[in-house]
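S.K.: Below you will find the structure I want to go over with you.
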There are 2 protein chains.
Amino acid sequence: MRRISVLGATGSIGASTLDLIRRQPEAWDVVALTAHGNAQALAALAREFGAKIAVVADEAWLPELREALAGSGIEAAGGEAALVEAARVPADITVAAIVGCAGLAPTMAAIEQGRTVALANKEALVSAGEVMTAAVARHGTTLLPVDSEHNAIFQCLSGNAHKDVRWITLTASGGPFRDWSLEQLHTATPEQAVKHPNWSMGAKISVDSATMMNKGLEFIEAYHLFPVGLERLRIIVHPQSIIHSMVEYRDGSTLAQLGPSDMRVPIASCLAWPARMDTPLAAQLDLAAIGQLTFRAPDEERFPATRLARQVAQAGGGIPAVLNAANEVAVDAFLNGRIGFTRIAAMVDEVLGRYAPPPPAAIEDVHAVDAQARRAAQAVMEMA
Amino acid sequence: MRRISVLGATGSIGASTLDLIRRQPEAWDVVALTAHGNAQALAALAREFGAKIAVVADEAWLPELREALAGSGIEAAGGEAALVEAARVPADITVAAIVGCAGLAPTMAAIEQGRTVALANKEALVSAGEVMTAAVARHGTTLLPVDSEHNAIFQCLSGNAHKDVRWITLTASGGPFRDWSLEQLHTATPEQAVKHPNWSMGAKISVDSATMMNKGLEFIEAYHLFPVGLERLRIIVHPQSIIHSMVEYRDGSTLAQLGPSDMRVPIASCLAWPARMDTPLAAQLDLAAIGQLTFRAPDEERFPATRLARQVAQAGGGIPAVLNAANEVAVDAFLNGRIGFTRIAAMVDEVLGRYAPPPPAAIEDVHAVDAQARRAAQAVMEMA
């Protein structure tokens, strides 16, 4: 039996993870489950899986969690410190699936265990970059990427040396506006942006997909996860999202990982790594039924986010955290009807021009950069 | 420096192999080079690469080879026994690229060295099947497949267990007649059949591509190389031949190997395995320029060869050797205008119905089955 903790158990990645664990209960010993504030759902999961500890990040929900777990013998806790404590309880693998900067500290705590962390928190690597990769190296932690693109790259790199890589190619669906002209993009509404063609996702990430900032963030993640050099990282638009990413080697061989749009596939890859485990047969690939896969070069005039991401990855230090924070503020403003669609990337660009923090040395510094970048973004928005 | 022998040095695979070796002369010590009868070309290669031994399979060309190598210090030899002797001279890797059953004995001799054999001789595994795989196991030989499809599968399986495989999918271009109706196929000419859309190949293999018998032979090869069970092997038609083959795992992940139609890519993979070596940058993949990859299910009504191949793989023993020999006779008859295109597979089917030899125990038995199957095929042809 392997001990597992799921940070962010009630979210989409958490639910998919627990769906897989539910199918092989004999293999897993669930240690800690956490949620933001959904105490009832968390308690139900903690009881079902016989967790040792359940934690709500928002302490306001702790009384409800306690009540829901009464008599179960499961420890209930709440607040950010409790979240970090939960991430420190020994687990062979921790699925780090808390969304946003709230996940930084518990993810770092899990990394500091020196065991295995399946990372689904995009912001962690984007914002904490070198701080996090240094911790991974220091503690000898195995970091497994859950994101379908990075998991694909991880699989395609298996058994190969970074020095033999000619290209790592991240595939991008191109989002719902991939065929829109720049003029049309100026008029794009939040309702149009949240309709993602291939994946069912939340509003923030759907907008990131529409601006291709999602791919930009993934580009920065890939830069940290797979240190082959920025000049060997590229993006290709592949609307069907069947090929999740590729690695071309110096012998001309390209390895690609393909699969259905089902997050249980990359999660299963992480849970069983370096072996394999079953996923439901729903997760099969039928290329004859799909018929065709198409590809085109990205257009950074219409979608400048990936260009910005390359710039901030090159700059390093705290700069990617500024991009991430500015983007969150801009997307929120777009979703609330305060700015137009093409203003999102423009605003991020302006914030990057106004705030260039020194490299953070610890997670606290990253939080400070994040907060300051948000203030800078608000200032930019109010000026416009 | 690694010692290398190239059996079939003047053919297409041999030339591609030597092109790669030419680019890193410091890494390779060329031991034996062989050819069928092209003594001048063989002598030139032997001198260029400083080979120890050069052998012509057809002894008639030995005097010419001796003359061309006079004063070089390179040993010249001729005939089938000399070919086998050359394959026995210690080499760290032997590229077995002699076409047809003539390659069986030298390939077996190379396998019996217990080192590494890069296998490009399709007939070897198809006809000698279990005899060859048993020798590989007995001598602890590393068998690396050169064929682009099998090399792709080999790469996609790297680091994974056969038990975790859900599907191995061989891709097939579908050949020049993939969109032809059965009625049109009845009228197909040799000239039409030898125009392969993606690869430049000889007449025999071009016809095999047009009937899809080539894919059938590869299916049987795959069955021997990757023992996951016949029911986990399948074929998909992929006209662009960019994805060379795929492996789907039980977690829903599919790994695919892609590359340009350049045999130097799979050859380089074999030469450098488990590391990687450079190929010329010509061998790059530009999916954005290619634009689209398409897929469809194979049609075994129009192209029954793959169905026949599945049947003979299931039957095992000497039956695949009968299919291979009958096909060679039928293709030759087609190329000489004696039978029509659709008669090729029909003839193979009839020969399979008339001659069912016992399982061969050694290469000599395989040769006997091959000869007897050719006689049976001639008989079938004369009856028609």
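In the structure tokens, chains take the letters A, B, ... in the order shown, each chain's residues start at 1, and ligands count up from 1 in the order shown.
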Find the residues of chain B in contact range of chain A, meaning any atom within 7 Å when counting only C-alpha atoms, and list them as a PyMOL selection string.
M.R.: chain B and resi 159+164+250-259+265+268-269+276-279+283-284+287-288+291-297
S.K.: Onto chain A, please fit chain B by least squares using all C-alpha atoms in order, then return the transformed chain as a compact mmCIF listing (two decimals) with C-alpha atoms, in the first residue's frame.
M.R.:
# COMPACT_ATOMS: atom_id res chain seq x y z
CA MET B 1 0.01 0.01 0.02
CA ARG B 2 1.19 3.51 -0.83
CA ARG B 3 0.34 6.51 1.30
CA ILE B 4 -1.23 9.35 -0.64
CA SER B 5 -2.32 12.91 0.20
CA VAL B 6 -4.50 15.00 -2.08
CA LEU B 7 -4.20 18.75 -1.61
CA GLY B 8 -7.27 20.17 -3.32
CA ALA B 9 -9.39 17.03 -3.04
CA THR B 10 -12.72 18.59 -4.03
CA GLY B 11 -11.50 20.24 -7.23
CA SER B 12 -11.44 18.69 -10.67
CA ILE B 13 -7.95 17.14 -10.40
CA GLY B 14 -8.68 15.96 -6.87
CA ALA B 15 -11.92 14.30 -7.97
CA SER B 16 -10.19 12.55 -10.89
CA THR B 17 -7.41 11.37 -8.59
CA LEU B 18 -9.85 9.96 -6.07
CA ASP B 19 -11.84 8.32 -8.86
CA LEU B 20 -8.73 6.32 -9.75
CA ILE B 21 -7.93 5.50 -6.14
CA ARG B 22 -11.52 4.36 -5.63
CA ARG B 23 -10.90 1.68 -8.29
CA GLN B 24 -7.99 0.13 -6.41
CA PRO B 25 -8.67 0.70 -2.70
CA GLU B 26 -6.30 -2.14 -1.75
CA ALA B 27 -3.36 -0.21 -3.20
CA TRP B 28 -3.78 3.12 -1.41
CA ASP B 29 -3.68 4.46 2.11
CA VAL B 30 -5.18 7.96 2.05
CA VAL B 31 -3.43 10.27 4.50
CA ALA B 32 -4.54 13.90 4.11
CA LEU B 33 -7.33 15.46 2.07
CA THR B 34 -7.78 19.21 1.83
CA ALA B 35 -10.28 21.61 0.30
CA HIS B 36 -10.81 25.33 0.21
CA GLY B 37 -14.17 25.57 1.95
CA ASN B 38 -16.43 22.77 0.81
CA ALA B 39 -16.59 21.09 4.22
CA GLN B 40 -19.44 18.69 3.42
CA ALA B 41 -17.84 17.32 0.27
CA LEU B 42 -14.46 17.07 1.98
CA ALA B 43 -15.91 15.23 4.96
CA ALA B 44 -17.70 12.77 2.68
CA LEU B 45 -14.45 12.03 0.83
CA ALA B 46 -12.48 11.74 4.06
CA ARG B 47 -14.98 9.21 5.40
CA GLU B 48 -15.14 7.26 2.13
CA PHE B 49 -11.36 6.93 1.83
CA GLY B 50 -10.63 6.61 5.54
CA ALA B 51 -8.31 9.62 5.55
CA LYS B 52 -6.27 10.44 8.64
CA ILE B 53 -6.71 14.22 8.33
CA ALA B 54 -9.10 16.59 6.57
CA VAL B 55 -8.29 20.30 6.28
CA VAL B 56 -10.27 23.28 5.03
CA ALA B 57 -8.03 26.16 3.96
CA ASP B 58 -10.70 28.67 4.90
CA GLU B 59 -10.95 28.40 8.67
CA ALA B 60 -14.52 29.68 8.62
CA TRP B 61 -15.64 26.23 7.51
CA LEU B 62 -13.80 24.31 10.23
CA PRO B 63 -16.82 24.05 12.60
CA GLU B 64 -18.90 22.55 9.79
CA LEU B 65 -16.08 20.15 8.91
CA ARG B 66 -15.72 19.11 12.57
CA GLU B 67 -19.43 18.41 12.80
CA ALA B 68 -19.48 16.44 9.56
CA LEU B 69 -16.57 14.30 10.76
CA ALA B 70 -17.87 13.81 14.31
CA GLY B 71 -17.36 10.25 15.48
CA SER B 72 -15.30 9.28 12.44
CA GLY B 73 -11.94 9.47 14.20
CA ILE B 74 -10.68 11.63 11.33
CA GLU B 75 -8.74 14.68 12.47
CA ALA B 76 -10.25 17.96 11.27
CA ALA B 77 -8.28 21.18 10.92
CA GLY B 78 -8.54 24.57 9.22
CA GLY B 79 -6.44 27.51 8.01
CA GLU B 80 -3.26 27.99 6.05
CA ALA B 81 -0.89 26.67 8.72
CA ALA B 82 -3.00 23.52 9.06
CA LEU B 83 -2.81 23.07 5.29
CA VAL B 84 0.99 23.16 5.46
CA GLU B 85 0.95 20.77 8.43
CA ALA B 86 -1.24 18.36 6.47
CA ALA B 87 1.22 18.52 3.57
CA ARG B 88 4.01 17.57 5.98
CA VAL B 89 2.38 14.35 7.20
CA PRO B 90 4.42 11.56 5.63
CA ALA B 91 2.95 10.38 2.31
CA ASP B 92 4.65 8.43 -0.45
CA ILE B 93 2.97 10.63 -3.03
CA THR B 94 1.24 13.99 -2.69
CA VAL B 95 -1.05 15.27 -5.42
CA ALA B 96 -0.65 19.05 -5.26
CA ALA B 97 -3.83 20.32 -6.87
CA ILE B 98 -4.66 23.52 -5.01
CA VAL B 99 -5.35 26.25 -7.56
CA GLY B 100 -3.45 29.54 -7.46
CA CYS B 101 -0.87 31.00 -5.11
CA ALA B 102 -2.76 29.52 -2.14
CA GLY B 103 -1.16 26.23 -3.14
CA LEU B 104 2.43 27.45 -2.96
CA ALA B 105 3.19 26.89 0.72
CA PRO B 106 1.56 23.44 1.03
CA THR B 107 3.17 22.34 -2.25
CA MET B 108 6.57 23.41 -0.90
CA ALA B 109 5.87 21.52 2.33
CA ALA B 110 5.07 18.39 0.32
CA ILE B 111 8.27 18.84 -1.72
CA GLU B 112 10.27 19.14 1.50
CA GLN B 113 9.19 15.60 2.43
CA GLY B 114 11.66 14.45 -0.21
CA ARG B 115 9.26 11.87 -1.60
CA THR B 116 7.06 12.18 -4.72
CA VAL B 117 4.90 15.17 -5.62
CA ALA B 118 2.46 15.04 -8.54
CA LEU B 119 2.18 18.71 -9.39
CA ALA B 120 -1.08 20.05 -10.80
CA ASN B 121 -0.69 23.59 -9.45
CA LYS B 122 0.42 25.64 -12.46
CA GLU B 123 1.10 28.80 -10.46
CA ALA B 124 3.57 26.96 -8.24
CA LEU B 125 6.24 26.53 -10.88
CA VAL B 126 5.39 29.70 -12.77
CA SER B 127 5.60 31.98 -9.75
CA ALA B 128 8.01 30.13 -7.50
CA GLY B 129 10.16 28.81 -10.37
CA GLU B 130 13.76 28.54 -9.18
CA VAL B 131 12.71 28.58 -5.49
CA MET B 132 10.70 25.44 -6.10
CA THR B 133 13.13 23.63 -8.40
CA ALA B 134 15.92 24.32 -5.91
CA ALA B 135 13.83 22.73 -3.14
CA VAL B 136 13.12 19.72 -5.37
CA ALA B 137 16.85 19.29 -5.97
CA ARG B 138 17.81 19.88 -2.32
CA HIS B 139 15.35 17.31 -0.98
CA GLY B 140 15.80 14.77 -3.77
CA THR B 141 12.09 14.92 -4.48
CA THR B 142 10.56 13.25 -7.51
CA LEU B 143 8.40 15.85 -9.22
CA LEU B 144 5.82 14.38 -11.61
CA PRO B 145 3.83 16.79 -13.78
CA VAL B 146 0.06 16.25 -13.90
CA ASP B 147 -0.75 18.83 -16.57
CA SER B 148 -1.50 16.86 -19.73
CA GLU B 149 1.18 18.67 -21.75
CA HIS B 150 3.94 18.32 -19.19
CA ASN B 151 3.00 14.79 -18.39
CA ALA B 152 3.24 14.06 -22.10
CA ILE B 153 6.72 15.59 -22.26
CA PHE B 154 7.75 13.70 -19.13
CA GLN B 155 6.69 10.43 -20.74
CA CYS B 156 8.38 11.27 -24.03
CA LEU B 157 11.63 12.08 -22.20
CA SER B 158 11.62 8.85 -20.22
CA GLY B 159 14.95 7.07 -20.56
CA ASN B 160 16.45 9.90 -22.60
CA ALA B 161 19.01 12.57 -21.76
CA HIS B 162 18.17 16.28 -21.91
CA LYS B 163 21.30 16.86 -23.97
CA ASP B 164 19.83 14.73 -26.77
CA VAL B 165 16.72 16.91 -27.11
CA ARG B 166 16.44 18.99 -30.27
CA TRP B 167 12.96 20.36 -29.52
CA ILE B 168 10.29 20.15 -26.89
CA THR B 169 7.03 21.09 -28.57
CA LEU B 170 4.05 22.03 -26.44
CA THR B 171 0.78 21.59 -28.27
CA ALA B 172 -1.93 24.23 -27.87
CA SER B 173 -5.58 23.90 -28.84
CA GLY B 174 -5.47 27.58 -29.79
CA GLY B 175 -8.59 28.12 -27.70
CA PRO B 176 -12.08 29.11 -28.82
CA PHE B 177 -10.81 32.18 -30.71
CA ARG B 178 -8.04 30.56 -32.70
CA ASP B 179 -9.68 31.50 -36.01
CA TRP B 180 -10.78 34.98 -34.97
CA SER B 181 -9.23 38.09 -36.49
CA LEU B 182 -7.64 40.72 -34.29
CA GLU B 183 -10.68 42.93 -34.92
CA GLN B 184 -13.03 40.18 -33.76
CA LEU B 185 -10.86 39.55 -30.69
CA HIS B 186 -11.42 43.14 -29.58
CA THR B 187 -15.12 42.32 -29.27
CA ALA B 188 -14.82 38.91 -27.56
CA THR B 189 -17.08 38.52 -24.52
CA PRO B 190 -16.56 36.50 -21.32
CA GLU B 191 -19.39 34.17 -22.39
CA GLN B 192 -17.58 33.43 -25.65
CA ALA B 193 -14.25 32.98 -23.90
CA VAL B 194 -15.36 30.39 -21.37
CA LYS B 195 -16.56 27.90 -24.01
CA HIS B 196 -13.44 25.77 -24.42
CA PRO B 197 -13.61 23.39 -27.38
CA ASN B 198 -11.86 20.33 -25.89
CA TRP B 199 -11.75 20.46 -22.12
CA SER B 200 -14.34 21.33 -19.51
CA MET B 201 -12.66 23.88 -17.26
CA GLY B 202 -13.25 26.78 -14.90
CA ALA B 203 -13.72 30.39 -16.07
CA LYS B 204 -10.20 31.65 -15.28
CA ILE B 205 -8.41 28.83 -17.10
CA SER B 206 -10.88 29.04 -19.99
CA VAL B 207 -10.01 32.71 -20.49
CA ASP B 208 -6.31 31.78 -20.24
CA SER B 209 -6.92 29.26 -22.98
CA ALA B 210 -8.64 31.90 -25.12
CA THR B 211 -5.74 34.36 -24.73
CA MET B 212 -3.23 31.50 -24.95
CA MET B 213 -1.81 32.74 -21.65
CA ASN B 214 -2.50 29.22 -20.43
CA LYS B 215 0.05 28.00 -22.96
CA GLY B 216 2.38 30.79 -21.91
CA LEU B 217 2.18 29.64 -18.27
CA GLU B 218 2.76 26.06 -19.41
CA PHE B 219 5.75 27.24 -21.41
CA ILE B 220 7.27 28.70 -18.23
CA GLU B 221 6.45 25.50 -16.33
CA ALA B 222 8.10 23.45 -19.05
CA TYR B 223 11.16 25.66 -18.86
CA HIS B 224 11.54 24.77 -15.16
CA LEU B 225 10.56 21.12 -15.41
CA PHE B 226 12.69 20.26 -18.44
CA PRO B 227 15.88 22.33 -18.43
CA VAL B 228 16.86 21.91 -22.08
CA GLY B 229 17.14 25.66 -22.67
CA LEU B 230 14.52 28.17 -23.79
CA GLU B 231 15.71 28.00 -27.38
CA ARG B 232 14.66 24.36 -27.56
CA LEU B 233 11.11 24.97 -26.36
CA ARG B 234 8.36 25.80 -28.82
CA ILE B 235 4.61 25.79 -29.21
CA ILE B 236 2.48 24.42 -32.04
CA VAL B 237 -1.25 24.92 -32.45
CA HIS B 238 -3.08 21.59 -32.67
CA PRO B 239 -6.82 22.24 -32.41
CA GLN B 240 -7.88 18.65 -31.64
CA SER B 241 -5.68 18.43 -28.49
CA ILE B 242 -5.03 14.73 -29.15
CA ILE B 243 -1.24 14.98 -29.20
CA HIS B 244 -0.56 16.44 -25.77
CA SER B 245 3.05 17.36 -26.52
CA MET B 246 6.18 16.06 -28.23
CA VAL B 247 9.94 15.74 -27.90
CA GLU B 248 12.21 15.67 -30.95
CA TYR B 249 15.65 14.13 -30.43
CA ARG B 250 18.86 14.90 -32.23
CA ASP B 251 18.54 11.69 -34.26
CA GLY B 252 15.34 13.03 -35.86
CA SER B 253 13.02 10.81 -33.82
CA THR B 254 10.03 12.60 -32.35
CA LEU B 255 8.16 10.96 -29.50
CA ALA B 256 4.63 12.16 -28.84
CA GLN B 257 2.11 11.30 -26.17
CA LEU B 258 -1.51 11.13 -27.30
CA GLY B 259 -4.66 10.53 -25.41
CA PRO B 260 -8.28 11.43 -24.85
CA SER B 261 -9.18 14.70 -23.09
CA ASP B 262 -9.47 12.93 -19.76
CA MET B 263 -7.28 14.11 -16.89
CA ARG B 264 -7.42 10.64 -15.37
CA VAL B 265 -4.86 9.61 -18.00
CA PRO B 266 -1.99 11.90 -16.90
CA ILE B 267 -3.00 11.48 -13.24
CA ALA B 268 -2.81 7.70 -13.60
CA SER B 269 0.58 8.09 -15.22
CA CYS B 270 1.79 9.99 -12.12
CA LEU B 271 0.16 7.65 -9.60
CA ALA B 272 1.66 4.51 -11.10
CA TRP B 273 4.97 5.89 -12.36
CA PRO B 274 7.33 4.30 -13.35
CA ALA B 275 4.80 1.50 -13.89
CA ARG B 276 1.30 1.84 -15.36
CA MET B 277 -2.15 1.42 -13.88
CA ASP B 278 -5.57 0.91 -15.41
CA THR B 279 -7.85 3.79 -16.28
CA PRO B 280 -11.48 3.22 -17.28
CA LEU B 281 -11.72 2.02 -20.86
CA ALA B 282 -13.58 5.23 -21.66
CA ALA B 283 -10.08 6.65 -21.91
CA GLN B 284 -9.29 5.01 -25.25
CA LEU B 285 -8.00 6.67 -28.36
CA ASP B 286 -9.69 5.94 -31.69
CA LEU B 287 -7.71 7.81 -34.32
CA ALA B 288 -9.69 6.28 -37.18
CA ALA B 289 -12.85 7.79 -35.67
CA ILE B 290 -11.11 11.11 -35.04
CA GLY B 291 -9.98 11.08 -38.66
CA GLN B 292 -7.51 13.93 -38.68
CA LEU B 293 -5.07 15.87 -36.56
CA THR B 294 -4.13 19.35 -37.74
CA PHE B 295 -1.25 21.67 -36.92
CA ARG B 296 -0.30 25.26 -37.51
CA ALA B 297 2.24 27.76 -36.24
CA PRO B 298 1.08 30.03 -33.40
CA ASP B 299 0.21 33.64 -34.28
CA GLU B 300 1.78 35.88 -31.65
CA GLU B 301 0.34 39.00 -33.17
CA ARG B 302 -3.21 37.96 -32.33
CA PHE B 303 -2.11 36.03 -29.23
CA PRO B 304 0.87 37.83 -27.66
CA ALA B 305 0.69 35.89 -24.37
CA THR B 306 3.16 33.22 -25.45
CA ARG B 307 5.65 35.88 -26.51
CA LEU B 308 5.32 37.52 -23.09
CA ALA B 309 5.79 34.15 -21.42
CA ARG B 310 9.00 33.51 -23.35
CA GLN B 311 10.28 36.95 -22.30
CA VAL B 312 9.56 36.44 -18.61
CA ALA B 313 11.00 32.93 -18.62
CA GLN B 314 14.16 34.41 -20.08
CA ALA B 315 14.20 37.12 -17.40
CA GLY B 316 13.58 34.59 -14.62
CA GLY B 317 13.62 35.46 -10.92
CA GLY B 318 10.39 37.13 -9.81
CA ILE B 319 9.32 38.29 -13.28
CA PRO B 320 7.17 35.24 -14.12
CA ALA B 321 5.31 35.76 -10.82
CA VAL B 322 4.50 39.29 -11.99
CA LEU B 323 3.12 37.97 -15.25
CA ASN B 324 1.01 35.40 -13.41
CA ALA B 325 -0.41 37.90 -10.91
CA ALA B 326 -1.04 40.61 -13.50
CA ASN B 327 -2.80 38.05 -15.66
CA GLU B 328 -5.05 36.95 -12.80
CA VAL B 329 -6.08 40.54 -12.15
CA ALA B 330 -6.63 41.20 -15.85
CA VAL B 331 -8.68 38.04 -16.38
CA ASP B 332 -10.81 38.88 -13.37
CA ALA B 333 -11.37 42.39 -14.77
CA PHE B 334 -12.29 40.89 -18.15
CA LEU B 335 -14.74 38.43 -16.58
CA ASN B 336 -16.31 41.32 -14.69
CA GLY B 337 -16.73 43.37 -17.83
CA ARG B 338 -14.19 46.01 -16.83
CA ILE B 339 -11.71 45.47 -19.68
CA GLY B 340 -11.86 44.05 -23.18
CA PHE B 341 -10.36 40.73 -24.24
CA THR B 342 -7.26 42.01 -26.03
CA ARG B 343 -6.57 44.33 -23.11
CA ILE B 344 -5.67 41.28 -20.95
CA ALA B 345 -2.29 40.66 -22.58
CA ALA B 346 -1.70 44.38 -23.08
CA MET B 347 -2.24 44.99 -19.38
CA VAL B 348 0.12 42.17 -18.43
CA ASP B 349 2.71 43.68 -20.75
CA GLU B 350 2.32 47.10 -19.11
CA VAL B 351 2.60 45.71 -15.58
CA LEU B 352 5.78 43.88 -16.61
CA GLY B 353 7.14 47.23 -17.78
CA ARG B 354 6.41 48.89 -14.44
CA TYR B 355 7.37 46.32 -11.83
CA ALA B 356 10.59 44.29 -11.97
CA PRO B 357 11.19 42.75 -8.53
CA PRO B 358 14.49 41.15 -7.46
CA PRO B 359 14.62 37.34 -7.52
CA PRO B 360 12.70 35.80 -4.61
CA ALA B 361 14.70 33.59 -2.24
CA ALA B 362 11.78 31.91 -0.51
CA ILE B 363 8.05 31.35 -0.83
CA GLU B 364 7.37 34.42 1.34
CA ASP B 365 9.20 36.56 -1.24
CA VAL B 366 7.09 35.02 -3.98
CA HIS B 367 3.94 35.93 -2.07
CA ALA B 368 5.22 39.49 -1.66
CA VAL B 369 5.97 39.78 -5.39
CA ASP B 370 2.54 38.37 -6.15
CA ALA B 371 0.82 40.92 -3.89
CA GLN B 372 2.86 43.82 -5.22
CA ALA B 373 2.22 42.76 -8.84
CA ARG B 374 -1.52 42.68 -8.14
CA ARG B 375 -1.34 46.24 -6.80
CA ALA B 376 0.65 47.30 -9.87
CA ALA B 377 -1.98 45.66 -12.09
CA GLN B 378 -4.78 47.47 -10.29
CA ALA B 379 -2.90 50.72 -10.77
CA VAL B 380 -2.46 50.05 -14.49
CA MET B 381 -6.14 49.26 -14.79
CA GLU B 382 -7.22 52.42 -13.01
CA MET B 383 -4.98 54.57 -15.19
CA ALA B 384 -6.56 53.33 -18.39
S.K.: Write down as a ChimeraX atom specification the residues of range 36-276 of chain A whose backbone DSSP state falls under strand (DSSP E or B).
M.R.: /A:53-56,75-78,93-96,116-119,142-145,165-172,233-237,243-249,254-258
